[in-house]
Amino acid sequence: MRRFVLFLSSNAGLGYAPFASGTVGTLAGIPAFWLMAPLPPALYALTWTALLFLSFWAAGAAGKIYGVADDGRIVIDELVGYLATVAFLPFSWSAAIFGFLLFRFFDISKIPPASWFDRKMKNGFGVVLDDVVAGVYGALALRIGLYVINTFFRG
């Protein structure tokens, strides 16, 4: 079970990158976005919710194994946050990359209430929820950015 927890929580090992493990771990979101984008909205939401609860468990269990609630090798939260950023959009490389950059910006900047979850909830829930908040901010910024690009630069 220990190996399974560490495999899941590290996004199949991406969390073990020697530098910028959160950024490297977020890369798992791009193929996940590609796979989930064609799903009907209700199935996307159900799948994302299942991943959310799986990430609560995996992040919490991995934190106990490492002895640090938000160890850098735990990056399943980045996957869930990124998938919130690109939720319900059709897959395109521009949405995938722009969403990746926006999610990383909001995840690193920890704009409230993300910073509250990061500081106050030292468990699997806090580890994941700050990334969900970053994902929501990323989703809003991505949609505004795509609207501006499509309206003013392709119209």
# chains A, B, ... in the order shown; residues from 1 in each chain; ligands from 1
$ select_by_dssp --residues "chain A" --states "helix (DSSP H, G or I)" --output "MDAnalysis selection string"
chainID A and resid 2:9 14:16 21:26 29:36 41:66 76:85 93:109 114:120 124:153
$ closest_atom_pairs --of "range 35-134 of chain A" --to "range 141-153 of chain A" --cutoff "9 Å" --atoms "only C-alpha atoms" --output "CSV"
residue,atom,partner,partner_atom,distance
A:Thr85,CA,A:Leu142,CA,7.3
A:Val86,CA,A:Leu142,CA,7.9
A:Ser94,CA,A:Leu146,CA,8.8
A:Ala95,CA,A:Leu142,CA,7.6
A:Phe98,CA,A:Leu142,CA,6.9
A:Gly99,CA,A:Leu142,CA,5.9
A:Leu102,CA,A:Leu142,CA,7.0
A:Phe103,CA,A:Leu142,CA,8.9
$ write_last_selection --atoms "C-alpha atoms" --output "short mmCIF file (atom, residue, chain, number, x, y, z; two decimals), in the first residue's frame"
data_model
loop_
_atom_site.label_atom_id
_atom_site.label_comp_id
_atom_site.auth_asym_id
_atom_site.auth_seq_id
_atom_site.Cartn_x
_atom_site.Cartn_y
_atom_site.Cartn_z
CA THR A 85 -8.37 25.32 -14.44
CA VAL A 86 -9.15 23.62 -17.77
CA SER A 94 -3.24 26.91 -26.44
CA ALA A 95 -5.73 26.16 -23.64
CA PHE A 98 -2.01 28.88 -21.16
CA GLY A 99 -3.94 27.01 -18.46
CA LEU A 102 -1.94 30.42 -15.21
CA PHE A 103 -2.43 27.55 -12.79
#
$ atom_distance --atom1 "CA of Phe53 in chain A" --atom2 "CA of Arg2 in chain A"
18.0 Å
$ closest_residue --among "A:Ile108, A:Ala84, A:Ala28, A:Gly15" --to "Leu140 in chain A" --atoms "only C-alpha atoms"
A:Ala84
$ closest_residue --among "A:Trp116, A:Phe106, A:Phe91, A:Trp34" --to "Val136 in chain A" --atoms "only C-alpha atoms"
A:Phe106
$ decode --residues "range 66-109 of chain A" --atoms "N, CA and C atoms" --output "compact mmCIF listing (two decimals), in the first residue's frame"
# COMPACT_ATOMS: atom_id res chain seq x y z
N TYR A 66 5.96 10.60 4.71
CA TYR A 66 7.12 11.50 4.65
C TYR A 66 7.38 12.22 5.96
N GLY A 67 6.35 12.33 6.80
CA GLY A 67 6.49 13.06 8.05
C GLY A 67 6.33 14.56 7.88
N VAL A 68 5.88 14.99 6.70
CA VAL A 68 5.65 16.40 6.39
C VAL A 68 4.35 16.46 5.58
N ALA A 69 3.38 17.23 6.07
CA ALA A 69 2.07 17.25 5.43
C ALA A 69 2.13 17.64 3.96
N ASP A 70 2.93 18.65 3.63
CA ASP A 70 2.98 19.15 2.25
C ASP A 70 4.38 18.95 1.67
N ASP A 71 4.85 17.72 1.72
CA ASP A 71 6.16 17.39 1.16
C ASP A 71 6.16 17.70 -0.34
N GLY A 72 7.29 18.18 -0.84
CA GLY A 72 7.40 18.57 -2.25
C GLY A 72 7.16 17.45 -3.23
N ARG A 73 7.30 16.22 -2.79
CA ARG A 73 7.08 15.08 -3.68
C ARG A 73 5.59 14.79 -3.89
N ILE A 74 4.75 15.38 -3.06
CA ILE A 74 3.30 15.21 -3.20
C ILE A 74 2.81 16.21 -4.24
N VAL A 75 2.42 15.72 -5.40
CA VAL A 75 2.00 16.61 -6.48
C VAL A 75 0.65 16.23 -7.09
N ILE A 76 -0.04 15.27 -6.48
CA ILE A 76 -1.37 14.93 -6.98
C ILE A 76 -2.30 16.13 -6.88
N ASP A 77 -2.04 17.02 -5.94
CA ASP A 77 -2.83 18.24 -5.78
C ASP A 77 -2.69 19.15 -6.99
N GLU A 78 -1.52 19.16 -7.61
CA GLU A 78 -1.33 19.96 -8.83
C GLU A 78 -2.18 19.42 -9.98
N LEU A 79 -2.30 18.11 -10.06
CA LEU A 79 -3.14 17.50 -11.10
C LEU A 79 -4.59 17.95 -10.94
N VAL A 80 -5.12 17.86 -9.73
CA VAL A 80 -6.51 18.24 -9.47
C VAL A 80 -6.72 19.73 -9.71
N GLY A 81 -5.78 20.54 -9.26
CA GLY A 81 -5.90 21.99 -9.47
C GLY A 81 -5.86 22.37 -10.94
N TYR A 82 -4.93 21.76 -11.68
CA TYR A 82 -4.84 22.05 -13.12
C TYR A 82 -6.12 21.63 -13.83
N LEU A 83 -6.65 20.47 -13.48
CA LEU A 83 -7.89 20.01 -14.12
C LEU A 83 -9.07 20.90 -13.79
N ALA A 84 -9.02 21.60 -12.65
CA ALA A 84 -10.05 22.61 -12.35
C ALA A 84 -9.87 23.81 -13.27
N THR A 85 -8.63 24.18 -13.56
CA THR A 85 -8.37 25.32 -14.44
C THR A 85 -8.92 25.09 -15.84
N VAL A 86 -8.75 23.90 -16.37
CA VAL A 86 -9.15 23.62 -17.77
C VAL A 86 -10.51 22.93 -17.87
N ALA A 87 -11.21 22.80 -16.76
CA ALA A 87 -12.48 22.07 -16.74
C ALA A 87 -13.46 22.60 -17.77
N PHE A 88 -14.07 21.65 -18.47
CA PHE A 88 -15.17 21.89 -19.41
C PHE A 88 -14.75 22.62 -20.69
N LEU A 89 -13.44 22.77 -20.90
CA LEU A 89 -12.97 23.37 -22.15
C LEU A 89 -12.62 22.26 -23.14
N PRO A 90 -12.77 22.52 -24.43
CA PRO A 90 -12.28 21.54 -25.41
C PRO A 90 -10.75 21.58 -25.39
N PHE A 91 -10.15 20.42 -25.62
CA PHE A 91 -8.68 20.39 -25.61
C PHE A 91 -8.14 21.17 -26.80
N SER A 92 -7.18 22.01 -26.51
CA SER A 92 -6.35 22.66 -27.54
C SER A 92 -5.01 22.91 -26.87
N TRP A 93 -3.97 22.98 -27.67
CA TRP A 93 -2.65 23.22 -27.08
C TRP A 93 -2.58 24.60 -26.45
N SER A 94 -3.27 25.58 -27.04
CA SER A 94 -3.24 26.91 -26.44
C SER A 94 -3.91 26.92 -25.07
N ALA A 95 -5.06 26.24 -24.94
CA ALA A 95 -5.73 26.16 -23.64
C ALA A 95 -4.88 25.37 -22.65
N ALA A 96 -4.27 24.28 -23.11
CA ALA A 96 -3.46 23.44 -22.22
C ALA A 96 -2.26 24.20 -21.68
N ILE A 97 -1.56 24.90 -22.54
CA ILE A 97 -0.33 25.61 -22.12
C ILE A 97 -0.66 26.88 -21.35
N PHE A 98 -1.61 27.66 -21.86
CA PHE A 98 -2.01 28.88 -21.16
C PHE A 98 -2.58 28.53 -19.79
N GLY A 99 -3.39 27.47 -19.73
CA GLY A 99 -3.94 27.01 -18.46
C GLY A 99 -2.84 26.54 -17.51
N PHE A 100 -1.84 25.86 -18.05
CA PHE A 100 -0.70 25.40 -17.25
C PHE A 100 0.01 26.59 -16.62
N LEU A 101 0.30 27.60 -17.42
CA LEU A 101 1.02 28.78 -16.92
C LEU A 101 0.20 29.55 -15.88
N LEU A 102 -1.08 29.71 -16.16
CA LEU A 102 -1.94 30.42 -15.21
C LEU A 102 -2.10 29.65 -13.91
N PHE A 103 -2.31 28.33 -14.02
CA PHE A 103 -2.43 27.55 -12.79
C PHE A 103 -1.15 27.64 -11.96
N ARG A 104 0.01 27.51 -12.59
CA ARG A 104 1.26 27.58 -11.83
C ARG A 104 1.42 28.95 -11.17
N PHE A 105 1.04 30.01 -11.89
CA PHE A 105 1.11 31.36 -11.31
C PHE A 105 0.27 31.44 -10.04
N PHE A 106 -0.99 31.02 -10.13
CA PHE A 106 -1.88 31.13 -8.98
C PHE A 106 -1.50 30.14 -7.88
N ASP A 107 -0.96 28.99 -8.24
CA ASP A 107 -0.53 28.03 -7.22
C ASP A 107 0.67 28.57 -6.45
N ILE A 108 1.59 29.19 -7.13
CA ILE A 108 2.78 29.73 -6.47
C ILE A 108 2.44 30.98 -5.66
N SER A 109 1.57 31.84 -6.19
CA SER A 109 1.27 33.11 -5.51
C SER A 109 0.36 32.94 -4.29
